[in-house]
Amino acid sequence: MDIRLNTLRLQNFKGIKDFTLKIDGKTANVYGDNSVGKTTLADSFLWVLFNKDSTDRTQFAVKPQDESGNDIHNLQTEVEAELLIDGKLLKLRKMLEEKWTRKRGSAEAELTGHTVKYWWDEEPIKEREYKSRMSELIDEDLFRMITNPMYFNTKVKWEER
């Protein structure tokens, strides 16, 4: 199976407000100075695919933060990836939204949690279905081994190597 990245679009993901990487299934090299967003691009791609970052964590900050490291509220964090799979386009989309609740008698709403929404080819689907389809598409460990040269030596248990 031939899987290529066509487009990666980020909105309010970590330090990137709005960015589109369009490579049309070709090879791309991402390089630049420290702290300009290289790892953020990798994190966004892995987040939309597997709900993890480039260091294999599921718990990491995806929302934009201010200079003091506090989350910036009332923004939707969204990543969309268009993949070419054997020449056929597949559009994946994931969005994190804040849940705000106004308690009875209170004038102010307070942040009470987050909601994550998923789309597969423009169709909204539940997280479980999204993960199931993703695992049918590609095994996460295999994907990480072929896209990260350090994954095999640092993340795969020695018994499984």
# chains A, B, ... in the order shown; residues from 1 in each chain; ligands from 1
>>> residues_around(residues="A:Leu21", least_positions_apart="3", cutoff="10 Å", atoms="only C-alpha atoms", output="VMD selection string")
chain A and resid 5 to 10 24 28 41 81
>>> select_by_dssp(residues="stretch 41-145 of chain A", states="helix (DSSP H, G or I)", output="list of chain:residue names")
A:Leu41, A:Ala42, A:Asp43, A:Ser44, A:Phe45, A:Leu46, A:Trp47, A:Val48, A:Leu49, A:Phe50, A:Glu127, A:Arg128, A:Glu129, A:Tyr130, A:Lys131, A:Ser132, A:Arg133, A:Met134, A:Ser135, A:Glu136, A:Leu137, A:Glu140, A:Asp141, A:Leu142, A:Phe143, A:Arg144, A:Met145
>>> select_by_dssp(residues="chain A", states="strand (DSSP E)", output="VMD selection string")
chain A and resid 3 to 13 16 to 22 77 to 85 88 to 102 109 to 120 123 to 125
>>> closest_residue(among="A:Ile85, A:Asp71, A:Lys155, A:Thr55", to="A:Glu98", atoms="only C-alpha atoms")
A:Asp71
>>> closest_residue(among="A:Glu160, A:Asp33, A:Asp43, A:Glu127", to="A:Val79", atoms="only C-alpha atoms")
A:Asp43
>>> residues_around(residues="A:Arg93", least_positions_apart="4", cutoff="8 Å", atoms="only C-alpha atoms", output="MDAnalysis selection string")
chainID A and resid 48 78:81 118:120 122
>>> write_last_selection(atoms="N, CA and C atoms", output="compact mmCIF listing (two decimals), in the first residue's frame")
# COMPACT_ATOMS: atom_id res chain seq x y z
N VAL A 48 -3.42 13.73 14.66
CA VAL A 48 -4.59 13.42 13.84
C VAL A 48 -4.63 11.93 13.49
N GLU A 78 -7.57 22.41 15.60
CA GLU A 78 -7.97 21.50 14.53
C GLU A 78 -6.79 21.13 13.65
N VAL A 79 -6.75 19.86 13.26
CA VAL A 79 -5.76 19.37 12.30
C VAL A 79 -6.51 18.55 11.26
N GLU A 80 -6.16 18.82 10.01
CA GLU A 80 -6.74 18.08 8.90
C GLU A 80 -5.60 17.55 8.04
N ALA A 81 -5.67 16.28 7.70
CA ALA A 81 -4.65 15.67 6.85
C ALA A 81 -5.33 15.03 5.66
N TYR A 118 -14.18 13.89 15.44
CA TYR A 118 -13.42 13.22 14.38
C TYR A 118 -14.24 13.18 13.09
N TRP A 119 -13.54 13.30 11.97
CA TRP A 119 -14.15 13.15 10.65
C TRP A 119 -13.28 12.23 9.81
N TRP A 120 -13.93 11.40 9.03
CA TRP A 120 -13.26 10.50 8.09
C TRP A 120 -13.91 10.75 6.73
N GLU A 122 -14.89 13.62 5.48
CA GLU A 122 -15.98 14.59 5.71
C GLU A 122 -17.12 14.02 6.54
>>> atom_distance(atom1="atom CA of A:Leu89", atom2="atom CA of A:Lys52")
23.0 Å
>>> decode(residues="stretch 118-152 of chain A", atoms="N, CA, C and O atoms", output="CSV table (one decimal), in the first residue's frame")
chain,number,residue,atom,x,y,z
A,118,TYR,N,-14.2,13.9,15.4
A,118,TYR,CA,-13.4,13.2,14.4
A,118,TYR,C,-14.2,13.2,13.1
A,118,TYR,O,-15.5,13.0,13.1
A,119,TRP,N,-13.5,13.3,12.0
A,119,TRP,CA,-14.2,13.2,10.7
A,119,TRP,C,-13.3,12.2,9.8
A,119,TRP,O,-12.1,12.3,9.9
A,120,TRP,N,-13.9,11.4,9.0
A,120,TRP,CA,-13.3,10.5,8.1
A,120,TRP,C,-13.9,10.7,6.7
A,120,TRP,O,-15.1,10.4,6.6
A,121,ASP,N,-13.2,11.3,5.8
A,121,ASP,CA,-13.7,11.7,4.5
A,121,ASP,C,-15.0,12.6,4.7
A,121,ASP,O,-16.0,12.2,4.1
A,122,GLU,N,-14.9,13.6,5.5
A,122,GLU,CA,-16.0,14.6,5.7
A,122,GLU,C,-17.1,14.0,6.5
A,122,GLU,O,-18.1,14.7,6.8
A,123,GLU,N,-17.1,12.7,6.9
A,123,GLU,CA,-18.2,12.1,7.7
A,123,GLU,C,-17.8,12.2,9.2
A,123,GLU,O,-16.7,11.6,9.6
A,124,PRO,N,-18.6,12.8,10.0
A,124,PRO,CA,-18.3,12.8,11.4
A,124,PRO,C,-18.5,11.4,12.0
A,124,PRO,O,-19.5,10.7,11.7
A,125,ILE,N,-17.5,10.9,12.7
A,125,ILE,CA,-17.6,9.6,13.3
A,125,ILE,C,-17.1,9.6,14.8
A,125,ILE,O,-16.5,10.6,15.2
A,126,LYS,N,-17.4,8.6,15.5
A,126,LYS,CA,-17.0,8.5,16.9
A,126,LYS,C,-15.6,8.1,17.0
A,126,LYS,O,-15.0,7.5,16.1
A,127,GLU,N,-15.0,8.4,18.1
A,127,GLU,CA,-13.5,8.1,18.4
A,127,GLU,C,-13.2,6.6,18.1
A,127,GLU,O,-12.2,6.3,17.5
A,128,ARG,N,-14.0,5.8,18.7
A,128,ARG,CA,-13.8,4.3,18.5
A,128,ARG,C,-13.7,3.9,17.1
A,128,ARG,O,-12.9,3.1,16.7
A,129,GLU,N,-14.7,4.4,16.3
A,129,GLU,CA,-14.7,4.0,14.9
A,129,GLU,C,-13.5,4.6,14.1
A,129,GLU,O,-12.9,4.0,13.3
A,130,TYR,N,-13.1,5.8,14.5
A,130,TYR,CA,-11.9,6.5,13.9
A,130,TYR,C,-10.7,5.6,14.2
A,130,TYR,O,-9.9,5.3,13.3
A,131,LYS,N,-10.5,5.3,15.4
A,131,LYS,CA,-9.3,4.5,15.8
A,131,LYS,C,-9.4,3.1,15.1
A,131,LYS,O,-8.3,2.6,14.7
A,132,SER,N,-10.5,2.5,15.0
A,132,SER,CA,-10.6,1.2,14.3
A,132,SER,C,-10.3,1.3,12.8
A,132,SER,O,-9.5,0.5,12.3
A,133,ARG,N,-10.8,2.3,12.2
A,133,ARG,CA,-10.4,2.5,10.8
A,133,ARG,C,-9.0,2.8,10.6
A,133,ARG,O,-8.3,2.4,9.6
A,134,MET,N,-8.4,3.6,11.5
A,134,MET,CA,-7.0,4.0,11.4
A,134,MET,C,-6.1,2.7,11.6
A,134,MET,O,-5.2,2.5,10.8
A,135,SER,N,-6.5,1.8,12.5
A,135,SER,CA,-5.7,0.6,12.7
A,135,SER,C,-5.8,-0.3,11.5
A,135,SER,O,-4.9,-1.1,11.2
A,136,GLU,N,-7.0,-0.3,10.8
A,136,GLU,CA,-7.1,-1.1,9.6
A,136,GLU,C,-6.2,-0.5,8.4
A,136,GLU,O,-5.7,-1.2,7.6
A,137,LEU,N,-6.1,0.8,8.5
A,137,LEU,CA,-5.3,1.5,7.4
A,137,LEU,C,-3.8,1.2,7.6
A,137,LEU,O,-3.1,0.8,6.6
A,138,ILE,N,-3.3,1.4,8.8
A,138,ILE,CA,-1.9,1.1,9.1
A,138,ILE,C,-1.6,0.9,10.5
A,138,ILE,O,-2.2,1.5,11.4
A,139,ASP,N,-0.7,-0.1,10.8
A,139,ASP,CA,-0.3,-0.4,12.2
A,139,ASP,C,0.5,0.8,12.7
A,139,ASP,O,1.5,1.2,12.0
A,140,GLU,N,0.2,1.3,13.9
A,140,GLU,CA,0.9,2.4,14.4
A,140,GLU,C,2.4,2.2,14.6
A,140,GLU,O,3.2,3.0,14.3
A,141,ASP,N,2.7,1.0,15.2
A,141,ASP,CA,4.2,0.7,15.4
A,141,ASP,C,4.9,0.7,14.0
A,141,ASP,O,6.0,1.2,13.9
A,142,LEU,N,4.3,0.0,13.0
A,142,LEU,CA,4.9,0.0,11.7
A,142,LEU,C,5.1,1.4,11.2
A,142,LEU,O,6.2,1.7,10.7
A,143,PHE,N,4.1,2.2,11.3
A,143,PHE,CA,4.2,3.6,10.8
A,143,PHE,C,5.3,4.3,11.4
A,143,PHE,O,6.1,5.0,10.8
A,144,ARG,N,5.4,4.2,12.7
A,144,ARG,CA,6.4,4.9,13.5
A,144,ARG,C,7.8,4.4,13.1
A,144,ARG,O,8.8,5.2,13.1
A,145,MET,N,7.9,3.1,12.9
A,145,MET,CA,9.3,2.5,12.6
A,145,MET,C,9.7,3.0,11.2
A,145,MET,O,10.9,3.2,11.0
A,146,ILE,N,8.8,3.2,10.3
A,146,ILE,CA,9.3,3.6,8.9
A,146,ILE,C,9.4,5.1,8.8
A,146,ILE,O,9.9,5.6,7.8
A,147,THR,N,8.9,5.9,9.8
A,147,THR,CA,8.9,7.3,9.7
A,147,THR,C,9.9,7.9,10.7
A,147,THR,O,10.2,9.1,10.6
A,148,ASN,N,10.3,7.2,11.7
A,148,ASN,CA,11.2,7.7,12.7
A,148,ASN,C,12.3,6.7,12.9
A,148,ASN,O,12.1,5.6,13.5
A,149,PRO,N,13.5,7.0,12.5
A,149,PRO,CA,14.6,6.1,12.6
A,149,PRO,C,15.0,5.7,14.1
A,149,PRO,O,15.6,4.6,14.3
A,150,MET,N,14.6,6.5,15.0
A,150,MET,CA,15.0,6.2,16.4
A,150,MET,C,13.9,5.3,17.1
A,150,MET,O,14.1,4.8,18.2
A,151,TYR,N,12.7,5.2,16.5
A,151,TYR,CA,11.6,4.5,17.2
A,151,TYR,C,11.9,3.0,17.5
A,151,TYR,O,11.7,2.6,18.6
A,152,PHE,N,12.5,2.3,16.6
A,152,PHE,CA,12.8,0.9,16.8
A,152,PHE,C,13.7,0.7,18.0
A,152,PHE,O,13.4,-0.1,18.9
